[in-house]
Amino acid sequence: MAPRDLSVSRAELFALVLRACRGAGLPQSHGEDFAVAVSRFGDRAAIEALARALVAGWRMPSLREEGGRLWVSDARATCDLPVACDALFAGVSEVRLEALDEPGLIAPFLARETQERALFLRASGGPGLWVLKRRQPERELSPPGGRITVARETFNALQSHAAKTYVPATQTSRQGAGAGAIDND
Amino acid sequence: MQPTRLSFLRVLMRKLSEMNATVTRPLWEMSDKGHGRAVYTIRFAGRAYSLVAFSQALADEERTDRVIATKWDAAFVLFDGVPDDADLARLAHNVPLQEAGRLGPRDLVLSRANKSVRLFEHVVQALRAGRQPDKQMIRDTGYLMRTTAVYGNGKFGLADRETFAKRDGLTGPFAAEMLTVWLIRAFTHDLAEHLGGAPIDRALKRHLGIGNATGLGMAPFLVSHPMLVDAWFRVRETALARVLALGEISEEEAEALMKSASEAGKYLSSWRVSETDAQAEIDALAGAWSEFRAGFTKAALLSPGGLRRVFAKAKAHGTALEELAAAWLLEPFGALIDDLAEAQATDATPELDAAMTCRALKALIEENCAWALECDFESPEAQAQFWYVSEEKLEPRLGLRGRDAGCERETPLDSARQFNALHEALPAAETPLWRFLAEHPEHRAAARRAQMLAHHPYAEVRANLLAQEAAPIQLLRAKLSFFGATRFDPKSRLWTRVTLAQGLPLHDEIGRESPWLPVI
């Protein structure tokens, strides 16, 4: 492990990503989805992709439907993958993601869909256009498990997003958690 | 709520007994002031786990049970295996720092504890004087040290629960944490005996559990782990249903019920707390229990359908007594219900059925979330409070909206408000849910939680946690009762002290029967 790297537990990463997504302005459920996707199925590259994606923050998906397909223009993984998978789950035949910002998030997100929703999806394409479709169910996925090594820089970037959900402490706020200052009884 | 034989500590004790677990103390390096390090190793199912303890000096002004503390009388880690010198050196560097330290994949649980100063000093002084400590003082306090946090599942670099959750003995929820707490209790006994220079009488020692001070941190857990909470309650309700379905019970079972009803009466009368209102509630429960007990005989329990009739009488005395009676009824029926304990663990999470129609979801909310729809969120009282995470050691706190800063960073523990808003926004139309949520992603989390309730009726805390009158202490109590906590000692509506492992077998008594409630 390089000196600038950090070995983190999956649960630690889950909690951090959940808060980071909220700090970056994503809807609660999107944060929940990406926390599972990245912490259970992600690798170093996926975590870096998420940290980059969160910098752009949140915006509403730009969708249009043509010929039974759902098109997402100027696609952002953190904003659009959840709605894309919801649409495919509900029977939309194909979702086309144009100019997707972070393709590295597709694989862990689709793995999450398989594990959590038994939704088997396949992604194809490349820069410019990614196509998501249903595929034949296969055997159940086995999450990689074990710890994840992340660059401290990436970890810190996620922490800085998460910190946007923390409230500065004041004397008044300290009273809002109970217990006295000294417990010598 | 009260502990039951399905509480996690009781389940752990049974498993340790079944697996013939043994505990040794391979290291005890403690100064005459009680500062130093110790290792306790427990072996079961072909594995060893070690509690590593570090004890240090702590000035009175530094002793606080709050999360924001930075120093404690003792700090602990549950280590996977038997630590060597290098492990101990690493742990000595990190464990006393707690949240500021960094743990690794062989470190399973992190904890710390402060002395219950008065009782600890009394026990040590009594032993030094050649006496046994005062029984009444032990009864009143019940522990020598209080844990102020017990961290597991990957926090601060600890091992992920999934890496050991399938191992024999550690499959239950919070099993590793309960094992840690039980071993910490042994350390507190040994430390007092080390300083006192004499052993504590075994019956008194058994009655020395381990204290715990719990604040708001537990409340968010209950909201963020809905399926797990559902599993805990489902098991409890299933166990009760199995018992109540018994047509007749044996003489031995009826005798056991009569005996534990009497023990419960003794427990209630010895349960003393400092807060007047809380003591009044305990006294009222003790009175009601006494009245309830006088209302049935062993013959009544033995008659066909007797348990059901007796339980109906308990219900007439109000919720507190009903809960106590439910726990009491489970006690003699281990052979009937103990197999349910395994079902208390689950990793499942709610998932969205995006193909459902908006109309169907709206109907589901009306069916399962009426308690949320009854809240009037136009009223300031309905959202007078907000939950948040302080940047100070990330402590969960409650603020008053309009008075305290930070409500724009509110933690989403507002299921009632979210169900309410979703219901209002949903069209009563055949539109597939995914289309609605694409335009209203802010409702997606509530949508899947609402769907979950159709099959997991116990998953949601059916209360508006933002309301002026919301009392988080009730949530803490519920969770702690599943752990097996006794002697709830609420200090405000925000935090409580409890006792864990009181009355349970000592570390050299594995296999001994555990009592339902601790009585001495």
# chains A, B, ... in the order shown; residues from 1 in each chain; ligands from 1
>>> residues_around(residues="B:Met452", least_positions_apart="3", cutoff="12 Å", atoms="only C-alpha atoms", output="mmCIF file with N, CA and C atoms, in the first residue's frame")
data_model
loop_
_atom_site.group_PDB
_atom_site.id
_atom_site.type_symbol
_atom_site.label_atom_id
_atom_site.label_comp_id
_atom_site.auth_asym_id
_atom_site.auth_seq_id
_atom_site.Cartn_x
_atom_site.Cartn_y
_atom_site.Cartn_z
ATOM 1 N N PRO B 226 -34.182 -0.341 8.827
ATOM 2 C CA PRO B 226 -35.579 -0.734 9.028
ATOM 3 C C PRO B 226 -35.823 -2.232 8.955
ATOM 4 N N MET B 227 -35.149 -2.916 8.045
ATOM 5 C CA MET B 227 -35.423 -4.356 7.893
ATOM 6 C C MET B 227 -34.874 -5.136 9.086
ATOM 7 N N ASP B 230 -37.300 -4.629 11.853
ATOM 8 C CA ASP B 230 -38.470 -5.468 11.568
ATOM 9 C C ASP B 230 -38.206 -6.912 11.998
ATOM 10 N N ALA B 348 -30.801 -7.449 4.744
ATOM 11 C CA ALA B 348 -31.700 -6.973 3.691
ATOM 12 C C ALA B 348 -31.943 -5.463 3.799
ATOM 13 N N THR B 349 -32.166 -4.858 2.658
ATOM 14 C CA THR B 349 -32.495 -3.424 2.616
ATOM 15 C C THR B 349 -33.738 -3.243 1.749
ATOM 16 N N PRO B 350 -34.510 -2.186 1.976
ATOM 17 C CA PRO B 350 -35.715 -2.006 1.153
ATOM 18 C C PRO B 350 -35.355 -1.701 -0.298
ATOM 19 N N GLU B 351 -36.155 -2.254 -1.189
ATOM 20 C CA GLU B 351 -35.912 -1.989 -2.614
ATOM 21 C C GLU B 351 -37.166 -1.470 -3.302
ATOM 22 N N LEU B 352 -36.933 -0.673 -4.312
ATOM 23 C CA LEU B 352 -38.039 0.018 -4.969
ATOM 24 C C LEU B 352 -38.654 -0.821 -6.083
ATOM 25 N N ASP B 353 -39.966 -0.945 -6.068
ATOM 26 C CA ASP B 353 -40.691 -1.523 -7.201
ATOM 27 C C ASP B 353 -41.140 -0.351 -8.062
ATOM 28 N N LEU B 361 -49.353 2.964 -4.991
ATOM 29 C CA LEU B 361 -48.483 3.405 -3.895
ATOM 30 C C LEU B 361 -49.251 4.320 -2.944
ATOM 31 N N LEU B 364 -51.182 2.218 -0.753
ATOM 32 C CA LEU B 364 -50.315 1.553 0.239
ATOM 33 C C LEU B 364 -49.988 2.494 1.399
ATOM 34 N N ILE B 365 -49.711 3.727 1.065
ATOM 35 C CA ILE B 365 -49.378 4.706 2.113
ATOM 36 C C ILE B 365 -50.588 4.904 3.026
ATOM 37 N N ASN B 368 -50.774 1.742 5.241
ATOM 38 C CA ASN B 368 -49.694 1.429 6.195
ATOM 39 C C ASN B 368 -49.097 2.630 6.916
ATOM 40 N N CYS B 369 -49.397 3.815 6.472
ATOM 41 C CA CYS B 369 -48.748 4.993 7.060
ATOM 42 C C CYS B 369 -49.788 5.988 7.574
ATOM 43 N N ALA B 445 -36.813 7.941 -1.848
ATOM 44 C CA ALA B 445 -36.483 7.216 -0.605
ATOM 45 C C ALA B 445 -37.761 6.845 0.149
ATOM 46 N N ALA B 446 -38.677 7.778 0.242
ATOM 47 C CA ALA B 446 -39.929 7.502 0.958
ATOM 48 C C ALA B 446 -40.757 6.458 0.218
ATOM 49 N N ALA B 447 -40.707 6.489 -1.115
ATOM 50 C CA ALA B 447 -41.501 5.525 -1.898
ATOM 51 C C ALA B 447 -41.078 4.103 -1.566
ATOM 52 N N ARG B 448 -39.793 3.855 -1.525
ATOM 53 C CA ARG B 448 -39.393 2.469 -1.277
ATOM 54 C C ARG B 448 -39.595 2.069 0.177
ATOM 55 N N ARG B 449 -39.513 3.031 1.078
ATOM 56 C CA ARG B 449 -39.801 2.680 2.482
ATOM 57 C C ARG B 449 -41.290 2.368 2.643
ATOM 58 N N HIS B 455 -44.792 -5.483 3.554
ATOM 59 C CA HIS B 455 -44.345 -6.827 3.955
ATOM 60 C C HIS B 455 -43.521 -6.830 5.237
ATOM 61 N N HIS B 456 -43.182 -5.667 5.717
ATOM 62 C CA HIS B 456 -42.353 -5.575 6.931
ATOM 63 C C HIS B 456 -43.005 -4.586 7.900
ATOM 64 N N PRO B 457 -44.068 -5.023 8.542
ATOM 65 C CA PRO B 457 -44.884 -4.078 9.320
ATOM 66 C C PRO B 457 -44.182 -3.451 10.518
ATOM 67 N N TYR B 458 -43.082 -4.061 10.970
ATOM 68 C CA TYR B 458 -42.403 -3.512 12.154
ATOM 69 C C TYR B 458 -41.185 -2.673 11.767
ATOM 70 N N ALA B 459 -41.016 -2.390 10.477
ATOM 71 C CA ALA B 459 -39.774 -1.765 10.023
ATOM 72 C C ALA B 459 -39.678 -0.282 10.366
ATOM 73 N N GLU B 460 -40.786 0.365 10.538
ATOM 74 C CA GLU B 460 -40.760 1.824 10.692
ATOM 75 C C GLU B 460 -41.119 2.231 12.117
#
>>> interface_residues(of="chain B", to="chain A", cutoff="6 Å", atoms="only C-alpha atoms", output="PDB file with all heavy atoms, in the first residue's frame")
ATOM      1  N   ARG B  63     -13.640  12.961  33.276  1.00  0.00           N
ATOM      2  CA  ARG B  63     -14.514  11.793  33.205  1.00  0.00           C
ATOM      3  C   ARG B  63     -15.925  12.203  32.780  1.00  0.00           C
ATOM      4  O   ARG B  63     -16.708  12.713  33.571  1.00  0.00           O
ATOM      5  CB  ARG B  63     -14.561  11.052  34.551  1.00  0.00           C
ATOM      6  CG  ARG B  63     -15.302   9.721  34.483  1.00  0.00           C
ATOM      7  CD  ARG B  63     -15.222   8.943  35.785  1.00  0.00           C
ATOM      8  NE  ARG B  63     -13.876   8.449  36.052  1.00  0.00           N
ATOM      9  CZ  ARG B  63     -13.058   8.924  36.986  1.00  0.00           C
ATOM     10  NH1 ARG B  63     -13.458   9.898  37.774  1.00  0.00           N
ATOM     11  NH2 ARG B  63     -11.847   8.443  37.139  1.00  0.00           N
ATOM     12  N   THR B  64     -16.212  12.005  31.512  1.00  0.00           N
ATOM     13  CA  THR B  64     -17.543  12.293  30.996  1.00  0.00           C
ATOM     14  C   THR B  64     -17.997  11.148  30.107  1.00  0.00           C
ATOM     15  O   THR B  64     -17.190  10.542  29.400  1.00  0.00           O
ATOM     16  CB  THR B  64     -17.588  13.627  30.227  1.00  0.00           C
ATOM     17  OG1 THR B  64     -18.847  13.715  29.558  1.00  0.00           O
ATOM     18  CG2 THR B  64     -16.484  13.739  29.188  1.00  0.00           C
ATOM     19  N   VAL B 117     -17.571   5.827  39.901  1.00  0.00           N
ATOM     20  CA  VAL B 117     -16.547   6.163  40.894  1.00  0.00           C
ATOM     21  C   VAL B 117     -16.921   5.699  42.301  1.00  0.00           C
ATOM     22  O   VAL B 117     -16.134   5.053  42.991  1.00  0.00           O
ATOM     23  CB  VAL B 117     -16.252   7.681  40.869  1.00  0.00           C
ATOM     24  CG1 VAL B 117     -15.221   8.034  41.938  1.00  0.00           C
ATOM     25  CG2 VAL B 117     -15.755   8.081  39.488  1.00  0.00           C
ATOM     26  N   ARG B 118     -18.141   6.042  42.716  1.00  0.00           N
ATOM     27  CA  ARG B 118     -18.523   5.737  44.100  1.00  0.00           C
ATOM     28  C   ARG B 118     -18.468   4.232  44.388  1.00  0.00           C
ATOM     29  O   ARG B 118     -17.889   3.793  45.378  1.00  0.00           O
ATOM     30  CB  ARG B 118     -19.933   6.258  44.393  1.00  0.00           C
ATOM     31  CG  ARG B 118     -19.960   7.706  44.854  1.00  0.00           C
ATOM     32  CD  ARG B 118     -21.260   7.996  45.583  1.00  0.00           C
ATOM     33  NE  ARG B 118     -22.431   7.603  44.807  1.00  0.00           N
ATOM     34  CZ  ARG B 118     -23.143   8.435  44.058  1.00  0.00           C
ATOM     35  NH1 ARG B 118     -22.813   9.700  44.002  1.00  0.00           N
ATOM     36  NH2 ARG B 118     -24.184   8.013  43.399  1.00  0.00           N
ATOM     37  N   GLY B 154     -16.870  -2.085  11.142  1.00  0.00           N
ATOM     38  CA  GLY B 154     -16.056  -1.289  10.230  1.00  0.00           C
ATOM     39  C   GLY B 154     -15.727   0.119  10.657  1.00  0.00           C
ATOM     40  O   GLY B 154     -14.943   0.799   9.988  1.00  0.00           O
ATOM     41  N   LYS B 155     -16.293   0.579  11.751  1.00  0.00           N
ATOM     42  CA  LYS B 155     -16.032   1.976  12.137  1.00  0.00           C
ATOM     43  C   LYS B 155     -14.550   2.181  12.451  1.00  0.00           C
ATOM     44  O   LYS B 155     -13.919   1.329  13.057  1.00  0.00           O
ATOM     45  CB  LYS B 155     -16.875   2.348  13.350  1.00  0.00           C
ATOM     46  CG  LYS B 155     -18.293   2.709  12.969  1.00  0.00           C
ATOM     47  CD  LYS B 155     -18.922   3.614  14.011  1.00  0.00           C
ATOM     48  CE  LYS B 155     -20.153   4.289  13.428  1.00  0.00           C
ATOM     49  NZ  LYS B 155     -20.814   5.160  14.381  1.00  0.00           N
ATOM     50  N   GLY B 157     -12.052   1.862  10.813  1.00  0.00           N
ATOM     51  CA  GLY B 157     -11.170   0.861  10.221  1.00  0.00           C
ATOM     52  C   GLY B 157     -11.333  -0.532  10.796  1.00  0.00           C
ATOM     53  O   GLY B 157     -10.643  -1.471  10.373  1.00  0.00           O
ATOM     54  N   ASP B 160     -15.161  -5.302   8.925  1.00  0.00           N
ATOM     55  CA  ASP B 160     -16.579  -5.314   8.543  1.00  0.00           C
ATOM     56  C   ASP B 160     -17.268  -6.500   9.190  1.00  0.00           C
ATOM     57  O   ASP B 160     -16.697  -7.599   9.261  1.00  0.00           O
ATOM     58  CB  ASP B 160     -16.711  -5.452   7.022  1.00  0.00           C
ATOM     59  CG  ASP B 160     -16.418  -4.152   6.307  1.00  0.00           C
ATOM     60  OD1 ASP B 160     -17.044  -3.145   6.646  1.00  0.00           O
ATOM     61  OD2 ASP B 160     -15.544  -4.144   5.415  1.00  0.00           O
ATOM     62  N   ALA B 354     -40.314  -0.017  -9.029  1.00  0.00           N
ATOM     63  CA  ALA B 354     -40.562   1.170  -9.850  1.00  0.00           C
ATOM     64  C   ALA B 354     -41.684   0.951 -10.852  1.00  0.00           C
ATOM     65  O   ALA B 354     -42.126   1.897 -11.519  1.00  0.00           O
ATOM     66  CB  ALA B 354     -39.280   1.576 -10.573  1.00  0.00           C
ATOM     67  N   ALA B 355     -42.136  -0.305 -10.965  1.00  0.00           N
ATOM     68  CA  ALA B 355     -43.219  -0.594 -11.912  1.00  0.00           C
ATOM     69  C   ALA B 355     -44.594  -0.373 -11.291  1.00  0.00           C
ATOM     70  O   ALA B 355     -45.606  -0.329 -11.996  1.00  0.00           O
ATOM     71  CB  ALA B 355     -43.100  -2.036 -12.390  1.00  0.00           C
ATOM     72  N   VAL B 389     -26.028  16.105  12.664  1.00  0.00           N
ATOM     73  CA  VAL B 389     -24.754  15.544  13.102  1.00  0.00           C
ATOM     74  C   VAL B 389     -23.830  16.712  13.376  1.00  0.00           C
ATOM     75  O   VAL B 389     -23.604  17.558  12.508  1.00  0.00           O
ATOM     76  CB  VAL B 389     -24.168  14.615  12.016  1.00  0.00           C
ATOM     77  CG1 VAL B 389     -22.766  14.165  12.400  1.00  0.00           C
ATOM     78  CG2 VAL B 389     -25.081  13.420  11.814  1.00  0.00           C
ATOM     79  N   SER B 390     -23.322  16.761  14.592  1.00  0.00           N
ATOM     80  CA  SER B 390     -22.409  17.833  14.939  1.00  0.00           C
ATOM     81  C   SER B 390     -21.028  17.542  14.356  1.00  0.00           C
ATOM     82  O   SER B 390     -20.607  16.384  14.298  1.00  0.00           O
ATOM     83  CB  SER B 390     -22.299  17.952  16.456  1.00  0.00           C
ATOM     84  OG  SER B 390     -21.253  18.833  16.788  1.00  0.00           O
ATOM     85  N   GLU B 391     -20.322  18.585  13.963  1.00  0.00           N
ATOM     86  CA  GLU B 391     -18.964  18.368  13.471  1.00  0.00           C
ATOM     87  C   GLU B 391     -18.041  17.962  14.625  1.00  0.00           C
ATOM     88  O   GLU B 391     -16.930  17.500  14.409  1.00  0.00           O
ATOM     89  CB  GLU B 391     -18.424  19.620  12.779  1.00  0.00           C
ATOM     90  CG  GLU B 391     -18.223  20.790  13.704  1.00  0.00           C
ATOM     91  CD  GLU B 391     -17.646  22.012  12.992  1.00  0.00           C
ATOM     92  OE1 GLU B 391     -17.574  22.013  11.752  1.00  0.00           O
ATOM     93  OE2 GLU B 391     -17.273  22.964  13.700  1.00  0.00           O
ATOM     94  N   GLU B 392     -18.560  18.095  15.858  1.00  0.00           N
ATOM     95  CA  GLU B 392     -17.788  17.728  17.030  1.00  0.00           C
ATOM     96  C   GLU B 392     -17.898  16.214  17.240  1.00  0.00           C
ATOM     97  O   GLU B 392     -18.889  15.701  17.778  1.00  0.00           O
ATOM     98  CB  GLU B 392     -18.350  18.466  18.243  1.00  0.00           C
ATOM     99  CG  GLU B 392     -17.441  18.506  19.427  1.00  0.00           C
ATOM    100  CD  GLU B 392     -17.978  19.481  20.493  1.00  0.00           C
ATOM    101  OE1 GLU B 392     -19.202  19.712  20.549  1.00  0.00           O
ATOM    102  OE2 GLU B 392     -17.175  20.002  21.252  1.00  0.00           O
ATOM    103  N   ARG B 397     -27.238  14.969  17.254  1.00  0.00           N
ATOM    104  CA  ARG B 397     -27.856  15.881  18.222  1.00  0.00           C
ATOM    105  C   ARG B 397     -29.241  16.286  17.739  1.00  0.00           C
ATOM    106  O   ARG B 397     -29.577  16.135  16.564  1.00  0.00           O
ATOM    107  CB  ARG B 397     -26.986  17.137  18.408  1.00  0.00           C
ATOM    108  CG  ARG B 397     -25.681  16.823  19.099  1.00  0.00           C
ATOM    109  CD  ARG B 397     -24.804  18.056  19.269  1.00  0.00           C
ATOM    110  NE  ARG B 397     -23.544  17.663  19.908  1.00  0.00           N
ATOM    111  CZ  ARG B 397     -22.489  18.435  20.036  1.00  0.00           C
ATOM    112  NH1 ARG B 397     -22.498  19.675  19.567  1.00  0.00           N
ATOM    113  NH2 ARG B 397     -21.404  18.009  20.633  1.00  0.00           N
ATOM    114  N   LEU B 398     -29.995  16.832  18.661  1.00  0.00           N
ATOM    115  CA  LEU B 398     -31.319  17.368  18.344  1.00  0.00           C
ATOM    116  C   LEU B 398     -31.285  18.871  18.530  1.00  0.00           C
ATOM    117  O   LEU B 398     -30.798  19.356  19.560  1.00  0.00           O
ATOM    118  CB  LEU B 398     -32.351  16.787  19.315  1.00  0.00           C
ATOM    119  CG  LEU B 398     -33.247  15.657  18.855  1.00  0.00           C
ATOM    120  CD1 LEU B 398     -34.158  15.232  19.979  1.00  0.00           C
ATOM    121  CD2 LEU B 398     -34.055  16.018  17.627  1.00  0.00           C
ATOM    122  N   GLY B 406     -28.432  25.286  11.909  1.00  0.00           N
ATOM    123  CA  GLY B 406     -28.093  24.019  11.268  1.00  0.00           C
ATOM    124  C   GLY B 406     -29.239  23.240  10.679  1.00  0.00           C
ATOM    125  O   GLY B 406     -29.023  22.145  10.155  1.00  0.00           O
ATOM    126  N   ARG B 409     -29.057  21.585   7.369  1.00  0.00           N
ATOM    127  CA  ARG B 409     -28.231  20.380   7.253  1.00  0.00           C
ATOM    128  C   ARG B 409     -28.862  19.212   8.020  1.00  0.00           C
ATOM    129  O   ARG B 409     -28.167  18.290   8.449  1.00  0.00           O
ATOM    130  CB  ARG B 409     -26.822  20.660   7.790  1.00  0.00           C
ATOM    131  CG  ARG B 409     -26.087  21.699   6.957  1.00  0.00           C
ATOM    132  CD  ARG B 409     -24.697  21.967   7.471  1.00  0.00           C
ATOM    133  NE  ARG B 409     -23.975  22.812   6.525  1.00  0.00           N
ATOM    134  CZ  ARG B 409     -22.660  22.948   6.493  1.00  0.00           C
ATOM    135  NH1 ARG B 409     -21.915  22.324   7.375  1.00  0.00           N
ATOM    136  NH2 ARG B 409     -22.090  23.723   5.600  1.00  0.00           N
ATOM    137  N   TRP B 434     -41.899   5.005 -11.752  1.00  0.00           N
ATOM    138  CA  TRP B 434     -40.590   5.508 -12.190  1.00  0.00           C
ATOM    139  C   TRP B 434     -40.722   6.870 -12.871  1.00  0.00           C
ATOM    140  O   TRP B 434     -39.841   7.722 -12.723  1.00  0.00           O
ATOM    141  CB  TRP B 434     -39.878   4.491 -13.092  1.00  0.00           C
ATOM    142  CG  TRP B 434     -40.348   4.440 -14.520  1.00  0.00           C
ATOM    143  CD1 TRP B 434     -41.287   3.622 -15.039  1.00  0.00           C
ATOM    144  CD2 TRP B 434     -39.883   5.266 -15.594  1.00  0.00           C
ATOM    145  NE1 TRP B 434     -41.462   3.865 -16.374  1.00  0.00           N
ATOM    146  CE2 TRP B 434     -40.598   4.864 -16.742  1.00  0.00           C
ATOM    147  CE3 TRP B 434     -38.939   6.271 -15.717  1.00  0.00           C
ATOM    148  CZ2 TRP B 434     -40.402   5.459 -17.980  1.00  0.00           C
ATOM    149  CZ3 TRP B 434     -38.734   6.867 -16.956  1.00  0.00           C
ATOM    150  CH2 TRP B 434     -39.473   6.458 -18.077  1.00  0.00           C
ATOM    151  N   ALA B 438     -38.873  10.153 -11.534  1.00  0.00           N
ATOM    152  CA  ALA B 438     -37.894  10.836 -12.392  1.00  0.00           C
ATOM    153  C   ALA B 438     -38.076  12.347 -12.286  1.00  0.00           C
ATOM    154  O   ALA B 438     -37.108  13.114 -12.360  1.00  0.00           O
ATOM    155  CB  ALA B 438     -38.062  10.379 -13.841  1.00  0.00           C
ATOM    156  N   GLU B 442     -36.876  13.549  -5.053  1.00  0.00           N
ATOM    157  CA  GLU B 442     -36.842  13.785  -3.593  1.00  0.00           C
ATOM    158  C   GLU B 442     -37.782  12.838  -2.851  1.00  0.00           C
ATOM    159  O   GLU B 442     -37.662  12.679  -1.638  1.00  0.00           O
ATOM    160  CB  GLU B 442     -37.183  15.250  -3.271  1.00  0.00           C
ATOM    161  CG  GLU B 442     -38.629  15.669  -3.501  1.00  0.00           C
ATOM    162  CD  GLU B 442     -38.942  16.041  -4.953  1.00  0.00           C
ATOM    163  OE1 GLU B 442     -38.144  15.705  -5.846  1.00  0.00           O
ATOM    164  OE2 GLU B 442     -40.011  16.660  -5.194  1.00  0.00           O
ATOM    165  N   ARG B 444     -38.147   9.547  -3.755  1.00  0.00           N
ATOM    166  CA  ARG B 444     -37.794   8.150  -4.073  1.00  0.00           C
ATOM    167  C   ARG B 444     -37.495   7.332  -2.812  1.00  0.00           C
ATOM    168  O   ARG B 444     -37.870   6.161  -2.699  1.00  0.00           O
ATOM    169  CB  ARG B 444     -36.612   8.143  -5.031  1.00  0.00           C
ATOM    170  CG  ARG B 444     -36.325   6.822  -5.691  1.00  0.00           C
ATOM    171  CD  ARG B 444     -35.400   7.010  -6.895  1.00  0.00           C
ATOM    172  NE  ARG B 444     -34.903   5.746  -7.392  1.00  0.00           N
ATOM    173  CZ  ARG B 444     -33.760   5.201  -7.024  1.00  0.00           C
ATOM    174  NH1 ARG B 444     -32.979   5.813  -6.144  1.00  0.00           N
ATOM    175  NH2 ARG B 444     -33.373   4.048  -7.535  1.00  0.00           N
ATOM    176  N   ALA B 445     -36.813   7.941  -1.848  1.00  0.00           N
ATOM    177  CA  ALA B 445     -36.483   7.216  -0.605  1.00  0.00           C
ATOM    178  C   ALA B 445     -37.761   6.845   0.149  1.00  0.00           C
ATOM    179  O   ALA B 445     -37.912   5.709   0.625  1.00  0.00           O
ATOM    180  CB  ALA B 445     -35.575   8.060   0.275  1.00  0.00           C
ATOM    181  N   LEU B 494     -33.334  12.527  26.446  1.00  0.00           N
ATOM    182  CA  LEU B 494     -32.317  12.335  25.419  1.00  0.00           C
ATOM    183  C   LEU B 494     -31.326  11.220  25.718  1.00  0.00           C
ATOM    184  O   LEU B 494     -30.644  10.750  24.817  1.00  0.00           O
ATOM    185  CB  LEU B 494     -31.521  13.630  25.201  1.00  0.00           C
ATOM    186  CG  LEU B 494     -32.296  14.870  24.803  1.00  0.00           C
ATOM    187  CD1 LEU B 494     -31.344  16.044  24.613  1.00  0.00           C
ATOM    188  CD2 LEU B 494     -33.066  14.629  23.518  1.00  0.00           C
ATOM    189  N   TRP B 495     -31.189  10.833  26.968  1.00  0.00           N
ATOM    190  CA  TRP B 495     -30.175   9.792  27.232  1.00  0.00           C
ATOM    191  C   TRP B 495     -30.514   8.998  28.471  1.00  0.00           C
ATOM    192  O   TRP B 495     -31.294   9.431  29.321  1.00  0.00           O
ATOM    193  CB  TRP B 495     -28.780  10.407  27.324  1.00  0.00           C
ATOM    194  CG  TRP B 495     -28.474  11.205  28.557  1.00  0.00           C
ATOM    195  CD1 TRP B 495     -28.953  12.441  28.860  1.00  0.00           C
ATOM    196  CD2 TRP B 495     -27.611  10.837  29.640  1.00  0.00           C
ATOM    197  NE1 TRP B 495     -28.440  12.873  30.059  1.00  0.00           N
ATOM    198  CE2 TRP B 495     -27.602  11.910  30.563  1.00  0.00           C
ATOM    199  CE3 TRP B 495     -26.832   9.714  29.915  1.00  0.00           C
ATOM    200  CZ2 TRP B 495     -26.875  11.887  31.733  1.00  0.00           C
ATOM    201  CZ3 TRP B 495     -26.093   9.701  31.087  1.00  0.00           C
ATOM    202  CH2 TRP B 495     -26.109  10.775  31.974  1.00  0.00           C
TER     203      TRP B 495
END
>>> select_by_dssp(residues="stretch 94-123 of chain A", states="alpha helix (DSSP H)", output="short mmCIF file (atom, residue, chain, number, x, y, z; two decimals) with C-alpha atoms, in the first residue's frame")
data_model
loop_
_atom_site.label_atom_id
_atom_site.label_comp_id
_atom_site.auth_asym_id
_atom_site.auth_seq_id
_atom_site.Cartn_x
_atom_site.Cartn_y
_atom_site.Cartn_z
CA ILE A 106 -21.87 1.85 -14.31
CA ALA A 107 -20.46 -1.54 -13.29
CA PRO A 108 -20.84 -1.18 -9.51
CA PHE A 109 -24.27 0.37 -9.93
CA LEU A 110 -25.53 -2.43 -12.17
CA ALA A 111 -24.06 -4.99 -9.75
CA ARG A 112 -26.07 -3.35 -6.99
CA GLU A 113 -29.21 -3.60 -9.12
CA THR A 114 -28.59 -7.31 -9.61
CA GLN A 115 -27.98 -7.99 -5.95
CA GLU A 116 -30.66 -5.77 -4.43
CA ARG A 117 -33.41 -5.79 -7.05
#
>>> atom_distance(atom1="atom CA of B:Ile337", atom2="atom CA of B:Thr4")
11.1 Å
>>> select_by_dssp(residues="stretch 89-272 of chain B", states="strand (DSSP E)", output="PyMOL selection string")
chain B and resi 107-115+143-151+209-214
>>> write_last_selection(atoms="C-alpha atoms", output="compact mmCIF listing (two decimals), in the first residue's frame")
# COMPACT_ATOMS: atom_id res chain seq x y z
CA ASP B 107 -9.94 -5.61 15.27
CA LEU B 108 -13.62 -6.48 15.61
CA VAL B 109 -15.04 -4.13 18.26
CA LEU B 110 -13.79 -0.96 19.91
CA SER B 111 -15.02 0.28 23.27
CA ARG B 112 -14.18 2.33 26.33
CA ALA B 113 -15.48 2.66 29.86
CA ASN B 114 -15.37 4.95 32.84
CA LYS B 115 -15.52 3.97 36.45
CA TYR B 143 -21.77 -2.07 37.83
CA LEU B 144 -18.18 -1.00 38.41
CA MET B 145 -17.69 0.65 35.02
CA ARG B 146 -19.89 2.15 32.33
CA THR B 147 -19.14 1.76 28.65
CA THR B 148 -19.79 4.99 26.79
CA ALA B 149 -19.55 3.56 23.28
CA VAL B 150 -19.26 0.13 21.73
CA TYR B 151 -18.28 0.46 18.08
CA GLY B 209 -22.86 -6.10 35.38
CA ILE B 210 -21.44 -3.52 33.05
CA GLY B 211 -23.05 -0.12 32.81
CA ASN B 212 -23.72 1.74 29.63
CA ALA B 213 -24.52 5.37 28.97
CA THR B 214 -26.46 5.83 25.76
